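Before any comments, here is the structure.
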Amino acid sequence: MQKPLAYRMRPTNIDEVVGQQHLVGPHKIIRRMVEAKMLSSMILYGPPGIGKTSIASAIAGSTKYAFRMLNAATDSKKDLQIVAAEAKMSGTVVLMLDEIHRLDKTKQDFLLPLLESGSIILIGATTENPYINISPAIRSRVQIFELKPLDSDDLKHAVKRALNDDQNGLGKYNVKLDENALDLLVSSTNGDLRSILNGLELSVMSTKAAEDGSVHIDLQSIEESVQRKAISSDKDGDSHYDVMSAFQKSIRGSDPDAALLYLARLLEAGDLTFAIRRLMVCAYEDVGLANPQACARAVQAAQVAQMVGLPEARIPLADAVIDLCLCPKSNSGMVAIDSALDDVRNGKANSIPDDLKDAHYSGAKKLGHGVGYKFPHDYPNAWVDQQYLPNNLINKKYYQPNNTGKYEQALNLRIQQIHEWKMNSKRSPNNYDN
């Protein structure tokens, strides 16, 4: 039985990888590793179907190492032992380990010394954030690379390459693919190239050839193969990311009608997960402290939508979109944390006042850690004037209240009240001593 098109079109060298030029392009890190034959174990993470297995296959093909594939969730320790035995006999083996975030401790303990010795070059693949879902023991022995979503040009290039490849692709079928069918094909699966190629093959293999031997693939054929209807309002070929951008900007701009239209386009295209994710981002990025209750309601609506799925998910999401659109807006929280991150990244936040440092260990007092700290609950209004910011940032103001909503107006009043207490304590310090 012939293997699926996506399997057959896997790259055999680094030049055939689709997209991911930040990793495999000229002078980029993975290409440099391959060219120098200085491979190290790595974890590739990103959404499904964007090239994790392709890069692993290309690395193995470019270096001529044996290439084996296992799944951390379904394959056993015995399967790993077989790969290890092969590496011991024939030299280095490149092991592609899918779903590496599900690697249990027994398999992990078996792998660690093999990674240390370099007999196995591990290429782990995961859709989960490895900094959260991969054990520190594995992370410390690998490099971590994030793969980027493939853009429409990358996807179209891959489709056309498959159509022209006589050996592994569909070149022998003389396929004539309509442009609007190609547009739907590359926009219907959230950038999942594996699904795109397999949907294309299904369409080609199930379409009767014309008298001249050609196979004509039109929009209806692709709709049936990928089980997606072309969105009629998307005649100009707007990408998935353009719709997402318009969705958030419409919420930010307080236009519920436009926001509902773009939500409908996302849902009709099957982008429920992306719509939910963007909705929650909008809630905290664009409404934020202007109406925290609306943010909580958006999260609740997102949870309900995930539980019930489409088509019912459209109802709580529509309610949340209207709610967020008509809320007052504030991005003061995002501006504040971005300003603080900027100082951290520029090395301005390396010190901590001694009285704020941890004092729960022997010898802390000798270092002056925790000495002089004033416990706010021991003072009137549970507040006492003392320094919290480092000396070099003592007058820094990260949070600047936005008075568009009642909640943040109340926060601003509280800031003003604390400022007054601070001024009073400077005038009459004894009033604030315990």
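The chains in the structure tokens are called A, B, ... from first to last as shown; in each chain the residues are counted from 1, and the ligands are counted from 1 in the order shown.
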
As a PyMOL selection string, please: every residue in region 160-346 of chain A that DSSP puts in helix (DSSP H, G or I). chain A and resi 160-164+171-173+179-187+193-205+219-226+240-252+256-268+272-290+292-308+314-325+332-345

For Asn13 (chain A), list every protein, DNA or RNA residue within 9 Å, evaluated using only C-alpha atoms, and leave out those in the same chain fewer than 6 positions away; present the list as a list in words.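 Using only C-alpha atoms, the neighbours found are Ile55, Ser57, Ala58, Ile59, Ala60, Gly61, Ser62 and Thr63 of chain A.
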
Work out how far apart CA of Gln21 (chain A) and CA of Leu197 (chain A) are and give it in Å to one decimal.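 So the answer is 20.5 Å.
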
Using only C-alpha atoms, pick whichever of A:Ile82, A:Ala72, A:Met89, A:Leu170 has the shortest atom-to-atom distance to Gln108 (chain A). A:Ala72

Nearest to Val18 (chain A) by atom-to-atom distance, counting only C-alpha atoms, from A:Ile43, A:Leu193, A:Leu184, A:Leu393: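 Using only C-alpha atoms, Val18 (chain A) sits closest to A:Leu193.
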
Let me make sure I understand: among A:Lys88, A:Val243, A:Tyr45, A:Lys77, which one has the smallest atom-to-atom distance to Asn133 (chain A) if we use only C-alpha atoms? A:Tyr45

Report, in Å with one decimal, the straight-line distance from CA of Lys249 (chain A) to CA of Gln303 (chain A). 22.6 Å

Got a sec: who's within 8 Å of Ser221 (chain A), counting only C-alpha atoms, leaving out chain neighbours fewer than 5 positions off, as a PyMOL selection string? chain A and resi 181+203+207

Write the selection just made, keeping N, CA and C atoms, as a compact mmCIF listing (two decimals), in the first residue's frame?
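Okay, again-v2.txt is ready:
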# COMPACT_ATOMS: atom_id res chain seq x y z
N ALA A 181 -9.23 27.08 -5.90
CA ALA A 181 -9.13 25.81 -5.16
C ALA A 181 -7.83 25.75 -4.38
N SER A 203 -8.17 14.46 -3.19
CA SER A 203 -8.93 15.08 -4.27
C SER A 203 -8.49 14.56 -5.64
N THR A 207 -10.77 11.98 -8.32
CA THR A 207 -11.33 12.71 -9.46
C THR A 207 -11.03 11.96 -10.76

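Residues of region 176-336 of chain A carrying a DSSP assignment of strand (DSSP E), computed from the backbone, are Lys176, Leu177, Val215, His216 and Ile217 of chain A.
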
Identify, on the basis of only C-alpha atoms, every residue whose closest approach to Glu99 (chain A) does not exceed 10 Å; exclude the query and any residue fewer than 6 positions from it along the same chain; express the result as a PyMOL selection string. chain A and resi 45+70-74+124-128

Show which residues sit within 8 Å of Val215 (chain A), as number ranges by chain. Count only C-alpha atoms, and ignore same-chain residues fewer than 5 positions away. A: 173-176, 204, 207-210

Could you name the residues that touch Ser40 (chain A) at 8 Å or less, counting only C-alpha atoms, but leaving out those on the same chain fewer than 3 positions away, as an mmCIF file with N, CA, C and O atoms, in the first residue's frame?
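Writing done, so here's part28.cif:
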data_model
loop_
_atom_site.group_PDB
_atom_site.id
_atom_site.type_symbol
_atom_site.label_atom_id
_atom_site.label_comp_id
_atom_site.auth_asym_id
_atom_site.auth_seq_id
_atom_site.Cartn_x
_atom_site.Cartn_y
_atom_site.Cartn_z
ATOM 1 N N MET A 33 24.763 23.709 11.702
ATOM 2 C CA MET A 33 25.045 22.454 12.388
ATOM 3 C C MET A 33 25.218 21.318 11.389
ATOM 4 O O MET A 33 26.140 20.504 11.505
ATOM 5 N N GLY A 118 26.232 11.063 23.002
ATOM 6 C CA GLY A 118 26.101 11.457 21.611
ATOM 7 C C GLY A 118 25.815 10.306 20.665
ATOM 8 O O GLY A 118 25.774 10.485 19.448
ATOM 9 N N ILE A 121 21.314 11.145 18.518
ATOM 10 C CA ILE A 121 20.974 12.556 18.346
ATOM 11 C C ILE A 121 19.454 12.634 18.417
ATOM 12 O O ILE A 121 18.753 12.162 17.523
ATOM 13 N N LEU A 122 18.959 13.183 19.492
ATOM 14 C CA LEU A 122 17.520 13.242 19.710
ATOM 15 C C LEU A 122 16.946 14.504 19.063
ATOM 16 O O LEU A 122 17.446 15.614 19.284
ATOM 17 N N VAL A 142 19.475 19.587 25.571
ATOM 18 C CA VAL A 142 19.069 19.833 24.183
ATOM 19 C C VAL A 142 19.023 21.329 23.912
ATOM 20 O O VAL A 142 18.996 22.150 24.834
ATOM 21 N N GLN A 143 19.020 21.646 22.634
ATOM 22 C CA GLN A 143 18.701 23.005 22.218
ATOM 23 C C GLN A 143 17.229 23.039 21.830
ATOM 24 O O GLN A 143 16.684 22.061 21.318
#

Quick check, in Å to one decimal: how far apart do CA of Ser245 (chain A) and CA of Val335 (chain A) lie?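 Interatomic distance, CA of Ser245 (chain A) to CA of Val335 (chain A): 19.4 Å.
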